[in-house]
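Q: The structure file model.pdb (PDB, C-alpha atoms) is provided below.
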```pdb
ATOM      1  CA  MET G   1      30.716  14.893 -18.887
ATOM      2  CA  ASN G   2      27.652  13.208 -17.376
ATOM      3  CA  GLU G   3      26.181   9.850 -18.330
ATOM      4  CA  PHE G   4      23.565  11.384 -20.605
ATOM      5  CA  GLY G   5      26.223  13.205 -22.613
ATOM      6  CA  ILE G   6      28.292  10.036 -22.945
ATOM      7  CA  ALA G   7      25.220   8.097 -24.062
ATOM      8  CA  GLN G   8      24.446  10.729 -26.719
ATOM      9  CA  ARG G   9      28.001  10.654 -28.057
ATOM     10  CA  LEU G  10      27.959   6.854 -28.143
ATOM     11  CA  ALA G  11      24.583   6.804 -29.936
ATOM     12  CA  ARG G  12      25.840   9.309 -32.551
ATOM     13  CA  HIS G  13      28.970   7.219 -33.099
ATOM     14  CA  LEU G  14      26.953   4.012 -33.490
ATOM     15  CA  ASP G  15      24.448   5.700 -35.828
ATOM     16  CA  HIS G  16      27.334   6.960 -37.969
ATOM     17  CA  GLY G  17      28.819   3.444 -38.085
ATOM     18  CA  VAL G  18      25.477   1.859 -39.084
ATOM     19  CA  ALA G  19      25.229   4.116 -42.103
ATOM     20  CA  HIS G  20      28.396   2.539 -43.523
ATOM     21  CA  LEU G  21      27.484  -1.131 -42.957
ATOM     22  CA  ASP G  22      27.021  -3.593 -45.788
ATOM     23  CA  SER G  23      23.392  -4.606 -46.443
ATOM     24  CA  ASN G  24      24.265  -8.277 -45.705
ATOM     25  CA  VAL G  25      25.600  -7.289 -42.268
ATOM     26  CA  VAL G  26      22.471  -5.232 -41.562
ATOM     27  CA  GLY G  27      20.282  -8.192 -42.550
ATOM     28  CA  ARG G  28      22.202 -10.598 -40.294
ATOM     29  CA  LEU G  29      22.030  -8.135 -37.398
ATOM     30  CA  HIS G  30      18.297  -7.752 -37.909
ATOM     31  CA  GLU G  31      17.825 -11.533 -37.964
ATOM     32  CA  ALA G  32      19.985 -11.992 -34.843
ATOM     33  CA  ARG G  33      18.001  -9.320 -33.005
ATOM     34  CA  PHE G  34      14.719 -10.961 -34.022
ATOM     35  CA  GLN G  35      15.922 -14.382 -32.784
ATOM     36  CA  ALA G  36      17.165 -12.919 -29.499
ATOM     37  CA  LEU G  37      13.877 -11.122 -28.873
ATOM     38  CA  SER G  38      11.866 -14.239 -29.698
ATOM     39  CA  ARG G  39      13.525 -16.029 -26.717
ATOM     40  CA  VAL G  40      12.671 -13.301 -24.200
ATOM     41  CA  PRO G  41       9.411 -13.768 -22.243
ATOM     42  CA  VAL G  42       6.708 -11.249 -23.127
ATOM     43  CA  LYS G  43       6.772  -9.576 -19.694
ATOM     44  CA  GLN G  44      10.509  -8.862 -19.961
ATOM     45  CA  LEU G  45      10.179  -7.903 -23.608
ATOM     46  CA  ARG G  46       7.676  -5.200 -22.722
ATOM     47  CA  LEU G  47      10.115  -3.701 -20.226
ATOM     48  CA  VAL G  48      13.027  -3.907 -22.658
ATOM     49  CA  THR G  49      11.221  -2.329 -25.605
ATOM     50  CA  ALA G  50       9.243   0.240 -23.638
ATOM     51  CA  GLY G  51      12.259   2.488 -23.137
ATOM     52  CA  HIS G  52      11.070   5.820 -21.797
ATOM     53  CA  LEU G  53       7.611   4.433 -21.014
ATOM     54  CA  SER G  54       9.034   2.032 -18.453
ATOM     55  CA  SER G  55      10.231   4.917 -16.291
ATOM     56  CA  SER G  56       6.839   6.630 -16.419
ATOM     57  CA  THR G  57       5.152   3.302 -15.637
ATOM     58  CA  GLY G  58       7.529   2.948 -12.713
ATOM     59  CA  ASN G  59       6.485   6.362 -11.434
ATOM     60  CA  TRP G  60       2.827   5.385 -11.786
ATOM     61  CA  ASN G  61       3.439   2.145  -9.882
ATOM     62  CA  ALA G  62       5.255   4.088  -7.174
ATOM     63  CA  ARG G  63       2.321   6.495  -6.939
ATOM     64  CA  GLN G  64      -0.133   3.591  -6.722
ATOM     65  CA  HIS G  65       1.966   2.006  -3.987
ATOM     66  CA  THR G  66       2.096   5.298  -2.076
ATOM     67  CA  LEU G  67      -1.653   5.766  -2.506
ATOM     68  CA  ARG G  68      -2.399   2.253  -1.249
ATOM     69  CA  LEU G  69      -0.062   2.697   1.697
ATOM     70  CA  SER G  70      -1.677   6.036   2.564
ATOM     71  CA  ALA G  71      -5.150   4.512   2.358
ATOM     72  CA  ALA G  72      -4.101   1.628   4.608
ATOM     73  CA  LEU G  73      -2.570   4.004   7.154
ATOM     74  CA  LEU G  74      -5.702   6.152   7.079
ATOM     75  CA  MET G  75      -7.851   3.079   7.659
ATOM     76  CA  VAL G  76      -5.685   2.018  10.610
ATOM     77  CA  ALA G  77      -5.909   5.550  12.052
ATOM     78  CA  VAL G  78      -9.715   5.566  11.743
ATOM     79  CA  ILE G  79      -9.957   2.150  13.396
ATOM     80  CA  LEU G  80      -7.704   3.258  16.252
ATOM     81  CA  MET G  81      -9.712   6.445  16.709
ATOM     82  CA  GLY G  82     -12.942   4.415  16.800
ATOM     83  CA  TYR G  83     -11.470   2.013  19.330
ATOM     84  CA  ASN G  84     -10.278   4.934  21.474
ATOM     85  CA  TYR G  85     -13.751   6.517  21.314
ATOM     86  CA  TRP G  86     -15.377   3.207  22.272
ATOM     87  CA  GLN G  87     -12.971   2.776  25.204
ATOM     88  CA  GLN G  88     -13.727   6.316  26.381
ATOM     89  CA  GLN G  89     -17.449   5.628  26.226
ATOM     90  CA  MET G  90     -16.998   2.410  28.228
ATOM     91  CA  GLU G  91     -14.989   4.265  30.882
ATOM     92  CA  ASP G  92     -17.636   6.988  31.112
ATOM     93  CA  GLU G  93     -20.378   4.383  31.393
ATOM     94  CA  THR G  94     -18.464   2.507  34.083
ATOM     95  CA  GLY G  95     -17.955   5.754  35.978
ATOM     96  CA  GLN G  96     -21.656   6.537  35.784
ATOM     97  CA  ILE G  97     -22.543   3.056  37.071
ATOM     98  CA  ASP G  98     -20.087   3.466  39.939
ATOM     99  CA  ALA G  99     -21.549   6.886  40.776
ATOM    100  CA  ARG G 100     -25.102   5.476  40.796
ATOM    101  CA  LEU G 101     -24.014   2.548  42.931
ATOM    102  CA  LEU G 102     -22.308   4.759  45.495
ATOM    103  CA  SER G 103     -25.202   7.239  45.634
ATOM    104  CA  SER G 104     -27.905   4.604  46.017
ATOM    105  CA  GLU G 105     -29.514   3.603  49.289
ATOM    106  CA  LEU G 106     -28.365   0.010  48.997
ATOM    107  CA  PRO G 107     -24.911  -0.899  50.232
ATOM    108  CA  PRO G 108     -22.499  -2.379  47.624
ATOM    109  CA  GLN G 109     -22.590  -5.752  49.446
ATOM    110  CA  ALA G 110     -26.242  -6.102  48.469
ATOM    111  CA  PHE G 111     -25.260  -6.318  44.797
ATOM    112  CA  ALA G 112     -22.871  -9.160  45.521
ATOM    113  CA  GLN G 113     -25.505 -11.427  47.109
ATOM    114  CA  GLN G 114     -26.761 -14.334  45.045
ATOM    115  CA  ASN G 115     -30.439 -13.519  45.417
ATOM    116  CA  PHE G 116     -30.030  -9.875  44.373
ATOM    117  CA  GLY G 117     -31.307 -10.618  40.857
ATOM    118  CA  GLU G 118     -34.497 -12.104  42.299
ATOM    119  CA  TRP G 119     -34.976  -9.097  44.573
ATOM    120  CA  LEU G 120     -34.442  -6.737  41.639
ATOM    121  CA  GLN G 121     -37.100  -8.551  39.600
ATOM    122  CA  GLU G 122     -39.569  -8.351  42.495
ATOM    123  CA  THR G 123     -39.104  -4.620  43.024
ATOM    124  CA  ARG G 124     -39.728  -3.677  39.375
TER     125      ARG G 124
END
```
Mind turning this structure into structure tokens?

A:
Amino acid sequence: MNEFGIAQRLARHLDHGVAHLDSNVVGRLHEARFQALSRVPVKQLRLVTAGHLSSSTGNWNARQHTLRLSAALLMVAVILMGYNYWQQQMEDETGQIDARLLSSELPPQAFAQQNFGEWLQETR
């Protein structure tokens, strides 16, 4: 027999026993339950009294957690793709600059001279 079957048998047995209790005993049990629940913090009390709703709330929280994690992973993937695209553009631009430099009439040493900036301004 599984746990659910055992729990059902136990609940039936307890329900049968409650039907035969004296009204004074039922009153004391009710009062004891009320006192015990009054000592429990509200957050815990909600979980204790929710019963079946706590499992559905747990599923909802798990779904929210999964959704947030998926959104964060998607954001990281988009950022990495953007960074990769930017790096590719920088490499292409650097390659184009190198190609222009090598195909120009000026030797590369001319760009390294200190007065090159002045010469460039004069020729424009």

Q: For a test of reading the model, state the distance in Å between CA of Asp15 (chain G) and CA of Arg28 (chain G), rounded to one decimal.

A: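 Atom-to-atom, CA of Asp15 (chain G) and CA of Arg28 (chain G) are spaced 17.0 Å apart.
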
Q: Can you measure CA of Asn84 (chain G) to CA of Ala99 (chain G) for me? One decimal in Å is fine.

A: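 Answer for the CA of Asn84 (chain G) to CA of Ala99 (chain G) separation: 22.4 Å.
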
Q: Could you tell me how far CA of Val25 (chain G) lies from CA of Ala7 (chain G), in Å and to one decimal?

A: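 Separation of CA of Val25 (chain G) and CA of Ala7 (chain G): 23.8 Å.
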
Q: Mind filling out region 18-30 of chain G with N, CA and C atoms and sending it as a short mmCIF file (atom, residue, chain, number, x, y, z; two decimals), in the frame of the given file?

A:
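What follows is the written file rebuild.cif:
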```cif
data_model
loop_
_atom_site.label_atom_id
_atom_site.label_comp_id
_atom_site.auth_asym_id
_atom_site.auth_seq_id
_atom_site.Cartn_x
_atom_site.Cartn_y
_atom_site.Cartn_z
N VAL G 18 26.53 2.66 -38.44
CA VAL G 18 25.48 1.86 -39.08
C VAL G 18 25.27 2.32 -40.52
N ALA G 19 25.43 3.58 -40.75
CA ALA G 19 25.23 4.12 -42.10
C ALA G 19 26.22 3.53 -43.10
N HIS G 20 27.36 3.06 -42.64
CA HIS G 20 28.40 2.54 -43.52
C HIS G 20 28.45 1.02 -43.55
N LEU G 21 27.48 0.34 -42.97
CA LEU G 21 27.48 -1.13 -42.96
C LEU G 21 26.97 -1.69 -44.27
N ASP G 22 27.47 -2.87 -44.61
CA ASP G 22 27.02 -3.59 -45.79
C ASP G 22 25.59 -4.09 -45.55
N SER G 23 24.79 -4.18 -46.58
CA SER G 23 23.39 -4.61 -46.44
C SER G 23 23.29 -6.04 -45.92
N ASN G 24 24.27 -6.91 -46.24
CA ASN G 24 24.26 -8.28 -45.70
C ASN G 24 24.45 -8.27 -44.19
N VAL G 25 25.34 -7.40 -43.70
CA VAL G 25 25.60 -7.29 -42.27
C VAL G 25 24.36 -6.77 -41.56
N VAL G 26 23.70 -5.79 -42.15
CA VAL G 26 22.47 -5.23 -41.56
C VAL G 26 21.39 -6.31 -41.50
N GLY G 27 21.27 -7.11 -42.52
CA GLY G 27 20.28 -8.19 -42.55
C GLY G 27 20.57 -9.23 -41.47
N ARG G 28 21.85 -9.61 -41.33
CA ARG G 28 22.20 -10.60 -40.29
C ARG G 28 21.96 -10.03 -38.89
N LEU G 29 22.29 -8.75 -38.70
CA LEU G 29 22.03 -8.14 -37.40
C LEU G 29 20.53 -8.10 -37.09
N HIS G 30 19.75 -7.78 -38.10
CA HIS G 30 18.30 -7.75 -37.91
C HIS G 30 17.77 -9.14 -37.54
#
```
